[in-house]
Structure formats: C-alpha cells, structure tokens
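A.B. asks: Data file run_7.cif (mmCIF, C-alpha atoms) is appended below.
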data_my_file
loop_
_atom_site.group_PDB
_atom_site.id
_atom_site.type_symbol
_atom_site.label_atom_id
_atom_site.label_comp_id
_atom_site.auth_asym_id
_atom_site.auth_seq_id
_atom_site.Cartn_x
_atom_site.Cartn_y
_atom_site.Cartn_z
ATOM 1 C CA MET O 1 0.000 0.000 0.000
ATOM 2 C CA GLY O 2 1.317 3.445 -0.840
ATOM 3 C CA PHE O 3 2.337 5.907 1.827
ATOM 4 C CA PHE O 4 -0.671 8.181 1.294
ATOM 5 C CA SER O 5 -3.336 5.702 0.334
ATOM 6 C CA ARG O 6 -2.980 4.010 3.717
ATOM 7 C CA TRP O 7 -3.982 7.280 5.407
ATOM 8 C CA PHE O 8 -7.559 7.002 4.250
ATOM 9 C CA LYS O 9 -8.163 3.959 6.376
ATOM 10 C CA ARG O 10 -10.196 4.514 9.510
ATOM 11 C CA ASP O 11 -8.270 4.583 12.806
ATOM 12 C CA GLU O 12 -9.832 1.321 13.916
ATOM 13 C CA ASP O 13 -8.675 -0.360 10.674
ATOM 14 C CA PHE O 14 -5.016 0.068 11.558
ATOM 15 C CA THR O 15 -3.131 -2.658 13.335
ATOM 16 C CA VAL O 16 0.057 -2.090 15.293
ATOM 17 C CA SER O 17 1.958 -4.175 12.747
ATOM 18 C CA GLU O 18 0.630 -2.022 9.870
ATOM 19 C CA LEU O 19 1.731 1.155 11.587
ATOM 20 C CA MET O 20 5.193 -0.313 11.957
ATOM 21 C CA ALA O 21 5.249 -1.999 8.523
ATOM 22 C CA PRO O 22 6.829 -0.577 5.366
ATOM 23 C CA ASP O 23 4.603 1.686 3.283
ATOM 24 C CA ASP O 24 4.292 -0.811 0.443
ATOM 25 C CA ALA O 25 2.425 -3.503 2.419
ATOM 26 C CA GLY O 26 -1.083 -4.144 1.031
ATOM 27 C CA GLY O 27 -3.300 -2.444 -1.563
ATOM 28 C CA PRO O 28 -4.854 1.015 -1.919
ATOM 29 C CA VAL O 29 -7.884 2.114 0.070
ATOM 30 C CA GLU O 30 -10.560 4.214 -1.597
ATOM 31 C CA LEU O 31 -13.336 6.357 -0.165
ATOM 32 C CA ASP O 32 -16.862 5.124 -0.789
ATOM 33 C CA SER O 33 -18.794 6.793 -3.613
ATOM 34 C CA ARG O 34 -21.233 8.576 -1.286
ATOM 35 C CA THR O 35 -18.401 10.185 0.706
ATOM 36 C CA ARG O 36 -16.544 11.072 -2.503
ATOM 37 C CA SER O 37 -19.616 12.760 -3.970
ATOM 38 C CA ALA O 38 -20.303 14.725 -0.791
ATOM 39 C CA VAL O 39 -16.708 15.928 -0.467
ATOM 40 C CA MET O 40 -16.603 16.979 -4.110
ATOM 41 C CA ALA O 41 -19.850 18.937 -3.655
ATOM 42 C CA GLU O 42 -18.574 20.686 -0.510
ATOM 43 C CA LEU O 43 -14.972 21.449 -1.406
ATOM 44 C CA ASP O 44 -13.376 22.752 -4.574
ATOM 45 C CA ILE O 45 -9.997 21.090 -4.139
ATOM 46 C CA HIS O 46 -8.510 22.836 -7.189
ATOM 47 C CA GLN O 47 -9.481 26.192 -5.660
ATOM 48 C CA ALA O 48 -8.062 25.212 -2.255
ATOM 49 C CA ILE O 49 -4.771 24.208 -3.863
ATOM 50 C CA ALA O 50 -4.601 27.442 -5.863
ATOM 51 C CA ALA O 51 -5.441 29.581 -2.829
ATOM 52 C CA HIS O 52 -2.685 28.019 -0.764
ATOM 53 C CA GLU O 53 -0.186 28.294 -3.617
ATOM 54 C CA ARG O 54 -0.963 32.044 -3.854
ATOM 55 C CA TRP O 55 0.187 32.588 -0.266
ATOM 56 C CA LYS O 56 3.827 32.147 -1.236
ATOM 57 C CA LEU O 57 3.491 34.752 -3.985
ATOM 58 C CA LEU O 58 1.759 37.140 -1.589
ATOM 59 C CA LEU O 59 4.455 36.731 1.054
ATOM 60 C CA GLU O 60 7.198 37.176 -1.564
ATOM 61 C CA GLN O 61 5.519 40.431 -2.632
ATOM 62 C CA VAL O 62 5.468 41.566 0.994
ATOM 63 C CA LEU O 63 9.200 40.848 1.255
ATOM 64 C CA ASP O 64 9.745 42.774 -1.981
ATOM 65 C CA GLY O 65 8.192 45.833 -0.357
ATOM 66 C CA ALA O 66 4.489 45.547 -1.108
ATOM 67 C CA ALA O 67 2.314 47.020 1.619
ATOM 68 C CA CYS O 68 1.228 44.434 4.158
ATOM 69 C CA ASP O 69 -0.484 46.652 6.720
ATOM 70 C CA ASP O 70 -3.859 45.120 5.856
ATOM 71 C CA LEU O 71 -2.553 41.629 6.625
ATOM 72 C CA ASP O 72 -2.931 40.928 10.324
ATOM 73 C CA PRO O 73 -0.742 38.019 11.474
ATOM 74 C CA GLU O 74 -3.184 37.351 14.318
ATOM 75 C CA LEU O 75 -5.894 36.660 11.739
ATOM 76 C CA VAL O 76 -3.645 34.919 9.222
ATOM 77 C CA CYS O 77 -2.632 32.365 11.861
ATOM 78 C CA LEU O 78 -6.264 31.277 12.286
ATOM 79 C CA ASP O 79 -6.636 28.112 10.241
ATOM 80 C CA ASP O 80 -10.437 28.120 10.267
ATOM 81 C CA ARG O 81 -10.970 31.370 8.337
ATOM 82 C CA CYS O 82 -10.036 30.393 4.773
ATOM 83 C CA ASP O 83 -12.398 28.282 2.663
ATOM 84 C CA LEU O 84 -10.343 25.141 3.208
ATOM 85 C CA GLY O 85 -10.164 25.765 6.955
ATOM 86 C CA LYS O 86 -13.929 26.269 7.170
ATOM 87 C CA TRP O 87 -14.414 22.962 5.404
ATOM 88 C CA LEU O 88 -11.784 21.171 7.502
ATOM 89 C CA HIS O 89 -13.370 22.338 10.752
ATOM 90 C CA GLY O 90 -16.946 21.739 9.552
ATOM 91 C CA PRO O 91 -18.267 19.362 6.907
ATOM 92 C CA GLY O 92 -14.844 17.875 6.225
ATOM 93 C CA ARG O 93 -14.458 16.770 9.829
ATOM 94 C CA ASP O 94 -17.926 15.222 9.708
ATOM 95 C CA ARG O 95 -17.131 13.283 6.526
ATOM 96 C CA LEU O 96 -13.450 12.400 6.909
ATOM 97 C CA GLY O 97 -12.584 13.010 10.553
ATOM 98 C CA LYS O 98 -12.207 9.289 11.215
ATOM 99 C CA TYR O 99 -9.282 9.024 8.809
ATOM 100 C CA PRO O 100 -5.701 9.574 10.011
ATOM 101 C CA ALA O 101 -4.911 11.478 6.801
ATOM 102 C CA PHE O 102 -7.634 13.995 7.577
ATOM 103 C CA THR O 103 -6.206 14.614 11.043
ATOM 104 C CA LEU O 104 -2.805 15.080 9.457
ATOM 105 C CA LEU O 105 -4.187 17.541 6.898
ATOM 106 C CA VAL O 106 -5.840 19.588 9.657
ATOM 107 C CA SER O 107 -2.574 19.656 11.602
ATOM 108 C CA LYS O 108 -0.436 20.609 8.596
ATOM 109 C CA HIS O 109 -2.949 23.254 7.527
ATOM 110 C CA LYS O 110 -2.756 24.822 10.984
ATOM 111 C CA TYR O 111 1.057 24.755 10.825
ATOM 112 C CA PHE O 112 0.922 26.395 7.384
ATOM 113 C CA HIS O 113 -1.159 29.299 8.725
ATOM 114 C CA HIS O 114 1.097 29.741 11.747
ATOM 115 C CA GLN O 115 4.163 29.905 9.516
ATOM 116 C CA ALA O 116 2.534 32.404 7.140
ATOM 117 C CA ALA O 117 1.668 34.575 10.139
ATOM 118 C CA GLN O 118 5.230 34.354 11.444
ATOM 119 C CA VAL O 119 6.654 35.437 8.082
ATOM 120 C CA LEU O 120 4.300 38.443 8.202
ATOM 121 C CA ARG O 121 5.261 39.293 11.789
ATOM 122 C CA GLU O 122 8.940 39.316 10.877
ATOM 123 C CA ALA O 123 8.338 41.358 7.720
ATOM 124 C CA GLN O 124 6.164 43.894 9.541
ATOM 125 C CA ALA O 125 8.824 44.216 12.254
ATOM 126 C CA GLY O 126 11.405 45.068 9.600
ATOM 127 C CA ARG O 127 13.296 41.779 9.943
ATOM 128 C CA LYS O 128 13.320 40.998 6.238
ATOM 129 C CA ASP O 129 16.207 38.513 6.410
ATOM 130 C CA GLU O 130 14.453 36.442 9.064
ATOM 131 C CA ALA O 131 11.142 36.667 7.203
ATOM 132 C CA ASP O 132 12.858 35.477 4.029
ATOM 133 C CA ARG O 133 14.539 32.622 5.885
ATOM 134 C CA LEU O 134 11.193 31.508 7.345
ATOM 135 C CA LEU O 135 9.540 31.795 3.950
ATOM 136 C CA ARG O 136 12.149 29.507 2.390
ATOM 137 C CA THR O 137 12.200 26.994 5.251
ATOM 138 C CA SER O 138 9.312 26.417 7.660
ATOM 139 C CA PHE O 139 6.660 28.156 5.554
ATOM 140 C CA GLN O 140 7.731 26.337 2.391
ATOM 141 C CA HIS O 141 7.790 23.048 4.289
ATOM 142 C CA GLY O 142 4.277 23.607 5.635
ATOM 143 C CA SER O 143 3.018 24.727 2.253
ATOM 144 C CA ASN O 144 4.453 21.670 0.534
ATOM 145 C CA GLN O 145 2.820 19.369 3.072
ATOM 146 C CA VAL O 146 -0.624 20.944 2.705
ATOM 147 C CA LEU O 147 -0.393 20.904 -1.078
ATOM 148 C CA LEU O 148 0.777 17.307 -1.116
ATOM 149 C CA LEU O 149 -2.073 16.206 1.147
ATOM 150 C CA LEU O 150 -4.648 18.141 -0.886
ATOM 151 C CA LYS O 151 -3.349 16.609 -4.090
ATOM 152 C CA GLU O 152 -3.500 13.175 -2.502
ATOM 153 C CA LEU O 153 -7.081 13.833 -1.401
ATOM 154 C CA ARG O 154 -7.870 14.966 -4.940
ATOM 155 C CA ARG O 155 -6.350 11.737 -6.290
ATOM 156 C CA GLY O 156 -8.252 9.664 -3.727
ATOM 157 C CA LEU O 157 -11.485 11.300 -4.875
ATOM 158 C CA GLY O 158 -10.693 10.456 -8.496
ATOM 159 C CA ILE O 159 -10.396 14.108 -9.518
ATOM 160 C CA ARG O 160 -7.842 14.982 -12.174
#
Show me this structure written as structure tokens.

C.D. replies:
Amino acid sequence: MGFFSRWFKRDEDFTVSELMAPDDAGGPVELDSRTRSAVMAELDIHQAIAAHERWKLLLEQVLDGAACDDLDPELVCLDDRCDLGKWLHGPGRDRLGKYPAFTLLVSKHKYFHHQAAQVLREAQAGRKDEADRLLRTSFQHGSNQVLLLLKELRRGLGIR
C-alpha cells in the first residue's frame, strides 16, 4: 500500500503491525462513492490548492516591499478562516474526521497558517532577512505538506 493511500483507512482499521510496517504492504484504500460525492460537492480542491499556492506569492511580494499593513498576522494564523479551513473544521471533519490522513491535513494546515503569520510578523517588524529565511524553510515546508495532502485527497477522490 502506498504511503498516502494508507492514510484514508479509519483509525480502527489500523493494526500495530501495519503502523510499523513498510509503506508498500497491502493495496490502496478508496473512499466510498457517497463520501466522494459529498466531499466533491462541498470542497473545490482545485481552488483550495490554488489559494494556498498564492500565499507564497503574496508573502514574496510583501518581502519585496508591497504594503502588508492590511494583513494581520493574528488573523492569518487562524486556520479556520479560509475556505479550506472552514471545510476542515466543519463538513470535512464530519465526513473524513475518522481518517488519520484527515487529522494530518488539519494539523499541517494549521502549521501552514502559523508559519505564514510568522513570516508576516517578521516582515512587519522590519526583519526581512528572518522573514525570508522563514519563507524559504518552515513556511515552504508547511506549504508543501498541505499541497501534497490536498493533491493526494484529490487523487483519492478520483479528480484529475
């Protein structure tokens, strides 16, 4: 079973040996058609991916001198305000909350927002070098994880 496909098993479906086993043990797990249809109706995954990709461009513009006074790090760090966050903390949790991959996505999404907020804090405090370092390290890491998980969810839903 692939590294990501195993995540869409329910918690109670995991055995201790599976958690300790190599990622290639077993076959892929798919979401049932009813869950897939509901998720696709509730969440535009392409839009969520695009929105989170735009954050890097926005933060790069801030570091290049674009005004960022209207961006409040205390609001940016809230992971339940964007469309994806609203879905993750609402209907998404109801539909997929039993899956370890969903819990991981929620966690990584929260980390992503905290890192974006930290880049903004540093930039607004005039610490451009530190903001740039965070953008290239912890923010980029968090962004990559969220995008990877969203793309895996998209693949698991059969969306191209």

A.B. asks: Could you tell me, as a VMD selection string, exactly which residues end up selected when the PyMOL selection byres ((chain O and resi 148) around 12) is applied to this structure?

C.D. replies: chain O and resid 3 to 4 45 48 to 49 52 to 53 101 104 to 105 108 to 109 140 to 147 149 to 155

A.B. asks: Run the PyMOL selection byres ((chain O and resi 119-130) around 8) against the file shown and list the residues it catches, as a compact mmCIF listing (two decimals) with C-alpha atoms, in the frame of the given file.

C.D. replies:
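Result saved to expr_20.txt:
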# COMPACT_ATOMS: atom_id res chain seq x y z
CA LEU O 59 4.46 36.73 1.05
CA VAL O 62 5.47 41.57 0.99
CA LEU O 63 9.20 40.85 1.25
CA CYS O 68 1.23 44.43 4.16
CA ASP O 69 -0.48 46.65 6.72
CA LEU O 71 -2.55 41.63 6.62
CA ASP O 72 -2.93 40.93 10.32
CA PRO O 73 -0.74 38.02 11.47
CA GLN O 115 4.16 29.90 9.52
CA ALA O 116 2.53 32.40 7.14
CA ALA O 117 1.67 34.58 10.14
CA GLN O 118 5.23 34.35 11.44
CA ALA O 131 11.14 36.67 7.20
CA ASP O 132 12.86 35.48 4.03
CA ARG O 133 14.54 32.62 5.88
CA LEU O 134 11.19 31.51 7.34
CA LEU O 135 9.54 31.80 3.95
CA PHE O 139 6.66 28.16 5.55

A.B. asks: Applied to this file, what does the PyMOL selection byres ((chain O and resi 40-44) around 8) return in terms of residues, put as a PyMOL selection string?

C.D. replies: chain O and resi 36-39+45-48+84+87+91+157

A.B. asks: State, in Å with one decimal place, the distance from atom CA of Leu58 of chain O to atom CA of Asp70 of chain O.

C.D. replies: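 About the pair atom CA of Leu58 of chain O and atom CA of Asp70 of chain O: they are 12.3 Å apart.
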
A.B. asks: When you look at Thr103 of chain O with a cut-off of 10 Å (counting all atoms listed in the file), what residues show up, excluding the ones that are within fewer than 5 positions of it in the same chain? I need them as a short mmCIF file (atom, residue, chain, number, x, y, z; two decimals) with C-alpha atoms, in the frame of the given file.

C.D. replies:
data_model
loop_
_atom_site.label_atom_id
_atom_site.label_comp_id
_atom_site.auth_asym_id
_atom_site.auth_seq_id
_atom_site.Cartn_x
_atom_site.Cartn_y
_atom_site.Cartn_z
CA TRP O 7 -3.98 7.28 5.41
CA LEU O 88 -11.78 21.17 7.50
CA ARG O 93 -14.46 16.77 9.83
CA LEU O 96 -13.45 12.40 6.91
CA GLY O 97 -12.58 13.01 10.55
CA LYS O 98 -12.21 9.29 11.22
CA LYS O 108 -0.44 20.61 8.60
CA HIS O 109 -2.95 23.25 7.53
#

A.B. asks: So that I can see what lies close to His113 of chain O, please list as an MDAnalysis selection string the residues with an atom at most 8 Å from it, counting all atoms listed in the file and leaving out residues fewer than 5 positions away in the same chain.

C.D. replies: chainID O and resid 76:79

A.B. asks: Have a look at atom CA of Leu57 of chain O and atom CA of Gly158 of chain O and let me know their distance in Å, one decimal.

C.D. replies: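 Atom CA of Gly158 of chain O lies at a distance of 28.5 Å from atom CA of Leu57 of chain O.
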
A.B. asks: How many Å separate atom CA of Gly92 of chain O from atom CA of Lys56 of chain O?

C.D. replies: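 A separation of 24.7 Å between them.
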